[in-house]
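Working notes, structure below.
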Amino acid sequence: MTQLHPQRLMKIAQFELVRLFLTKRGLLAVAAFTICWLLVLRYPIGQAVSIVSSPEMAELAKQVFGAIGLSKLLQWPEAELAMYWLIALYSFPVFCLFLCSDQVVGDKHRGTLRFLTLRATRTEILFGRFFGQMLILAALLVVTLFATLAVMAFRDVTLLSAGINRGAIILFYLLITVMPFVALMTLINTFASSARLAIVLAVLFFAVGNIIVSVLVWQLPVFSLLDYMFPGVQISEVAGQNSSVFNSVGIPVIQSAVLLFIAQRIFVRSSL
Amino acid sequence: MSTLIHAQSITKRYGNKLALDDVSFEIHKGAPVALVGPNGAGKTTLFSLLCGYILPSQGQLSILGSQPGSSALFGKLSALPQDAQLDPRFSIVHQLSFYGQLQGLSAAESKSEALRVLDLVGLSEVAHQRSDDLSHGMRKRVTIGQSLIGKPQIVMLDEATAGLDPIHAREVRELVANLSDEATFILSSHDLTELERLCNHVLHLDKGKLTEHQAKSSEQQTQRFMTILFTDNYEDIEQSLLSLSGVTRVYMSQAKEYVVEYQKSDKQIDIELLNFCYQQGWRYRQLVNGHTLENQIFTQEKA
C-alpha cells in the first residue's frame, strides 16, 4: 500500500486536471473563478498604478503600506504585480481550502476508491491527488498571472520583460505558500466523511486552533511555537518581502511534508 | 493445482463484533468459487479483506504470493465491490481507460480495452455516457466490465447479479462461464441456484465461521442422494418412494421438493425413480443428481 510508482502517480495527478477542466462542475468552478478575477483585474489591479502613484494617494499608501510592512512593494515599477501579489497571496490559500476539499472523500463515499485501490497504492492515490491539486492551482495562478501581466503591458509594454521575471518568482512563492493548505485538506480528507465537512473542519482548525493557541501563549509564551502548525503562519512577513528564505519557503515545505506524512499514515490504515 | 489465495486463521473484529472468526481456506486456479451465507455472515468483510480494503485483526492472507493491496496484484486481481460506483462526472469510457492506464496499458490500448469490456457486458453503446445517465442494472454491468479490464487472473464479484433483470443476470452468468478458462471467479450471491450452475467449490460463511462444500463433484454424495422437484403436491410421496428398492430415506426439503437417499448399488435408481413417477402420474420439474446447493448448505445443517 505504500509503494510509489512515478507513472501511476502522474496519471492520477493528470486525471485531477481533467476533473477541473473537462467536467461540468469543474468548468463551473473555473467560470466563477474567472469572473471573480476579471473583477479583481478590472478594479484593484487595473487601478493599481493610479492608487499607488497619484499624489493624493501616494503619501497615504506609503503610510498604510509602511505600517503593515509592505513598503518594499511600493518600489516595484510593476504596480499591477504588487497588487496581484497581495491579492493572490491572501486569496489563494482561502480559495484552495474550497477547491481542494474533495480530494479522496467523495470517491471514498461513492466507492470509486475501491476501483482505484485495485490499480494504484493508497500512497500513490493520496499523493497523486495532492499533486493534481497543486497542478490545478498552478494552472489557475499562471492564468491569473498572465492576465495581470497583460494588464500591466497594456499600460507600459517596457515593463513586460522585468514583469515576467518577477512574475515567475511570484508564482514560485505563491505555489509554496498554498502547498501546506492543500496538504491540510489532503489530511482532513483522510478522515472527513464529506467535502463539506472537510471545509468545516479546516475552518474550525484555523478559528478554534488559533484561539486555543492564543490562550496557551497567554499562559505560557513558549506555546507560541504552536503557531507553526498553522499553514500560512508566515504570510504576513512574506507579503512585505521581508522574510528569510527559511520563513517563506522552509516553513511551508516542512508543514506540507509533515501534513502529508500524517495523511499517508492515516490513509494506508483506513478502511475503504 | 496452483494456489491463488491462501487464508490462514483470518479474524476480523469491528470493535466488539466478531465479523470473521478464525477463517482458513485455499482457492485454486480453475472453476468459479462461490461465497455464500446469510446477511451479516461476513461475506463482504471477506471480500474487503481479499481486496485490501480493510486489514485483518489477526491471521495471514496471501494472494498469488503477495499481500492484499500489494502493487504486485494490480492487473492480476480485480473486483466488483458491492455498491461501488464510478464517478458520475466522467464518461464511462474515460474512466475505464484511466483504470487501464493505471494497470500499465498505453492510452490507445486502454481505450480499446475499455470498449472491449463494455462490449462483453453488452454496453458498447453507452461508452460515452456518464454513469448517472444509466439505469441501476446498466451501472452494475459497467462495473462488472471494469473488473475485466486487462484480463485479470482472479475476478471477485460481490452480488454481481443483484438488481439485474433475469435476461441480463443470465448474460452475466454466461459471461462468467465463458471467461472461466481465462480467470478464476469468486462469486458472492444470495441466488444459490445461480451459484450452483457456475461453481464447484463453495465457501459458506455463517456468523463469521467458514465451512466448505464441493457442490457437484463429490463422488460419494452424487451416488447417495437425488433431489426431485415436483410440479404439484401429491399424496404419500415419501411413503411411496420408500417402497423403491435401495431407497433408504425420503424427506421433503422444501415445498414440492424431496430428497431421496439410497444405498450405493449397480442399479440405475434415477431411471427407476422416473419410471415410478410416470406410473404414479406424478409430474416432475427437475431432478438433481445429489443435493441442491441450497439443501446442502442449509438443510443439512438443520439435520
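Just remember, in the C-alpha cells the first chain shown is A, the second B, etc., residues are 1-based per chain, and ligands are 1-based in the order shown.
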**Item:** Residue hits in chain A, query chain B, radius 10 Å, only C-alpha atoms, as a ChimeraX atom specification
**Value:** /A:1-5,7-12,15,18-19,22-26,106-122,268-272
**Request:** Tell me, as number ranges by chain, which residues lie within 8 Å of Arg129 in chain A, counting only C-alpha atoms; anything in the same chain fewer than 4 positions away does not count.
**Result:** A: 12-13, 16, 103-104, 125, 133
Residues as selected, N, CA and C atoms, written as a PDB file, in the first residue's frame, can you do that?
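Here's the written file out-v5.pdb:
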ATOM      1  N   ILE A  12      -2.548   9.796 -12.018  1.00  0.00           N
ATOM      2  CA  ILE A  12      -3.597  10.220 -11.077  1.00  0.00           C
ATOM      3  C   ILE A  12      -3.627  11.740 -10.995  1.00  0.00           C
ATOM      4  N   ALA A  13      -2.452  12.359 -10.963  1.00  0.00           N
ATOM      5  CA  ALA A  13      -2.385  13.824 -10.904  1.00  0.00           C
ATOM      6  C   ALA A  13      -2.995  14.447 -12.164  1.00  0.00           C
ATOM      7  N   GLU A  16      -6.726  14.626 -12.258  1.00  0.00           N
ATOM      8  CA  GLU A  16      -7.305  15.730 -11.495  1.00  0.00           C
ATOM      9  C   GLU A  16      -7.465  16.976 -12.354  1.00  0.00           C
ATOM     10  N   GLN A 103     -10.667  15.703  -2.244  1.00  0.00           N
ATOM     11  CA  GLN A 103      -9.539  15.019  -2.891  1.00  0.00           C
ATOM     12  C   GLN A 103      -9.794  13.514  -2.961  1.00  0.00           C
ATOM     13  N   VAL A 104     -10.175  12.926  -1.824  1.00  0.00           N
ATOM     14  CA  VAL A 104     -10.492  11.483  -1.846  1.00  0.00           C
ATOM     15  C   VAL A 104     -11.831  11.182  -1.178  1.00  0.00           C
ATOM     16  N   ILE A 125      -2.388   7.171  -4.689  1.00  0.00           N
ATOM     17  CA  ILE A 125      -3.657   7.893  -4.856  1.00  0.00           C
ATOM     18  C   ILE A 125      -3.617   9.209  -4.073  1.00  0.00           C
ATOM     19  N   GLN A 133      -3.960  18.571  -7.330  1.00  0.00           N
ATOM     20  CA  GLN A 133      -4.486  19.849  -6.830  1.00  0.00           C
ATOM     21  C   GLN A 133      -3.454  20.959  -7.004  1.00  0.00           C
TER      22      GLN A 133
END
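For the residues B:Gly281, B:Gly137, B:Pro38, B:Gly246, ranking by smallest atom-to-atom distance to Lys264 in chain B using only C-alpha atoms places B:Gly246 first.
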**Message:** Please list as a count of residues only every residue within 10 Å of Ser240 in chain B, counting only C-alpha atoms and excluding residues in the same chain fewer than 2 positions away.
**Reply:** 11
**Residue contacts of Leu73 in chain A (8 Å, only C-alpha atoms) excluding same-chain residues fewer than 6 positions away, as a ChimeraX atom specification** = /A:79,82,240-241
Save the residues we just selected, C-alpha atoms, as an mmCIF file, in the first residue's frame?
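part_7.cif written:
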data_model
loop_
_atom_site.group_PDB
_atom_site.id
_atom_site.type_symbol
_atom_site.label_atom_id
_atom_site.label_comp_id
_atom_site.auth_asym_id
_atom_site.auth_seq_id
_atom_site.Cartn_x
_atom_site.Cartn_y
_atom_site.Cartn_z
ATOM 1 C CA ALA A 79 2.486 48.107 -9.600
ATOM 2 C CA ALA A 82 2.463 44.203 -6.453
ATOM 3 C CA GLY A 240 6.055 42.548 2.503
ATOM 4 C CA GLN A 241 9.011 40.657 1.008
#
**Prompt:** Can you tell me, as a ChimeraX atom specification, what residues are no more than 9 Å from Phe230 in chain A when counting only C-alpha atoms, ignoring any on the same chain fewer than 6 positions away?
**Reply:** /A:180-181,205-206,209-210,255
**Asked** For Gln47 in chain A, which residue among A:Val217, A:Met83, A:Phe131, A:Val203 is the nearest when counting only C-alpha atoms?
**Response** A:Met83
I want to know what sits within 10 Å of Leu179 in chain B, based on only C-alpha atoms, with residues of the same chain fewer than 4 positions away left out; could you give that as a compact mmCIF listing (two decimals) with C-alpha atoms, in the first residue's frame?
# COMPACT_ATOMS: atom_id res chain seq x y z
CA ALA B 31 -13.75 -23.17 -11.85
CA PRO B 32 -15.59 -20.31 -10.14
CA LEU B 148 -12.49 -7.49 -16.56
CA LYS B 151 -7.77 -9.92 -18.31
CA ARG B 173 -23.75 -15.88 -15.70
CA GLU B 174 -22.91 -16.82 -19.28
CA LEU B 175 -20.10 -14.28 -19.29
CA ALA B 183 -9.80 -16.22 -14.91
CA THR B 184 -10.85 -17.73 -11.60
CA PHE B 185 -14.04 -16.07 -10.46
